[in-house]
Amino acid sequence: MLNGQKIVVVMPAYNAAATLRRTYDEVMAQNVVDLIILVDDASRDDTVAIARTLEKVQVEVHPVNRGYGGNQKTCYRLALAAGADIVIMIHPDYQYTPLLIPAMASIIRNGLYPCVLASRILGNGALRGGMPLWKYIANRVLTLTENFLLGAKLSEYHTGYRAFARSVLEALPVEKNSDDFVFDNQMLTQILWFDFQIGEVTCPAKYMPEASSINFRRSVRYGFGCIATAIAYRLAKIKGSGRLFPARK
């Protein structure tokens, strides 16, 4: 725990056998995490077998692949059921360093921000870590467009390393979101919709063969999905609500 707050780390996993133990060891070395919930999305490797040998890890297995967003829906549902006060989502592919977990949890615990993103863009961590140039340029263009449409000023919307106060997860209608990769983006726009403040911390990132990544075709589909979500947000602002953005009380 951190000052009486229960910290739960969730890991949406798919074929993460090569990097899971290394990620786990670094997470637990921070000495603030009470529980790890790993949701396996029908992996074809030894991810589940390895996860079941680790202490303080609750393993949930999807018998069929539900997609990245579908995986996260299970992650957050189980974290809330486990009594989490702060939930931190990190991929088990070791692309993001778990060393930031205490800092991200402390920002939420101290009431500074209810949502914290680990940004690869602040401090140029993405390029130094080996992010392909085309992905970096696409990230910057997409983020600039989204900031304009959403009226926000985030350095990036596409990090897979995030921390949330319980109150945020309880407020968001995440079950309405996509089961695909655009889930991440939809979740952030919902956070903005409910006027939760978002903090960011600089995060180094590693790009290696074992790290998860989506191909060019799916990246293009993801990008259009992000723009469509931002436009839906603007329309909901005008109308007062939308499919992903319920009327606020």
# chains A, B, ... in the order shown; residues from 1 in each chain; ligands from 1

$ residues_around --residues "region 13-26 of chain A" --least-positions-apart "2" --cutoff "6 Å" --atoms "only C-alpha atoms" --output "MDAnalysis selection string"
chainID A and resid 11 28:29 39:41 43 45:47 92:94 98

$ residues_around --residues "region 186-195 of chain A" --least-positions-apart "4" --cutoff "10 Å" --atoms "only C-alpha atoms" --output "PyMOL selection string"
chain A and resi 69+114-115+117+146+150-152+157-158+168-169+171-174+176-178+181-182+225-226+228-230+232-234+236-237+241+244-248

$ residues_around --residues "region 160-162 of chain A" --least-positions-apart "5" --cutoff "9 Å" --atoms "only C-alpha atoms" --output "VMD selection string"
chain A and resid 87 to 91 96 104 115 to 119 184

$ closest_residue --among "A:Lys239, A:Ile101, A:Asn139, A:Glu175" --to "Asn71 (chain A)" --atoms "only C-alpha atoms"
A:Glu175

$ atom_distance --atom1 "CA of Ser167 (chain A)" --atom2 "CA of Gly223 (chain A)"
28.5 Å

$ residues_around --residues "Gly70 (chain A)" --least-positions-apart "3" --cutoff "8 Å" --atoms "only C-alpha atoms" --output "list of chain:residue names"
A:Arg66, A:Gly67, A:Lys73, A:Thr74, A:Ser178, A:Asp179, A:Asp180

$ closest_residue --among "A:Phe183, A:Tyr68, A:Tyr207, A:Tyr136" --to "Glu156 (chain A)" --atoms "only C-alpha atoms"
A:Tyr136

$ select_by_dssp --residues "chain A" --states "strand (DSSP E)" --output "PyMOL selection string"
chain A and resi 7-13+35-40+57-61+86-89+115-119+162-165+198-202

$ residues_around --residues "Gln5 (chain A)" --least-positions-apart "2" --cutoff "10 Å" --atoms "only C-alpha atoms" --output "PyMOL selection string"
chain A and resi 1-3+7-8+32-34+83-86+105-106+108-109

$ residues_around --residues "Pro204 (chain A)" --least-positions-apart "6" --cutoff "12 Å" --atoms "only C-alpha atoms" --output "PyMOL selection string"
chain A and resi 94-100+118-131+159+161

$ closest_residue --among "A:Leu235, A:Ala42, A:Ala51, A:Leu80" --to "Val64 (chain A)" --atoms "only C-alpha atoms"
A:Ala42

$ atom_distance --atom1 "CA of Ile50 (chain A)" --atom2 "CA of Lys6 (chain A)"
24.6 Å

$ select_by_dssp --residues "region 6-234 of chain A" --states "helix (DSSP H, G or I)" --output "number ranges by chain"
A: 20-28, 47-51, 67-81, 98-109, 122-128, 133-150, 166-171, 174-176, 183-193, 216-234

$ closest_residue --among "A:Ala165, A:Val141, A:Ile37, A:Val59" --to "Leu112 (chain A)" --atoms "only C-alpha atoms"
A:Ala165
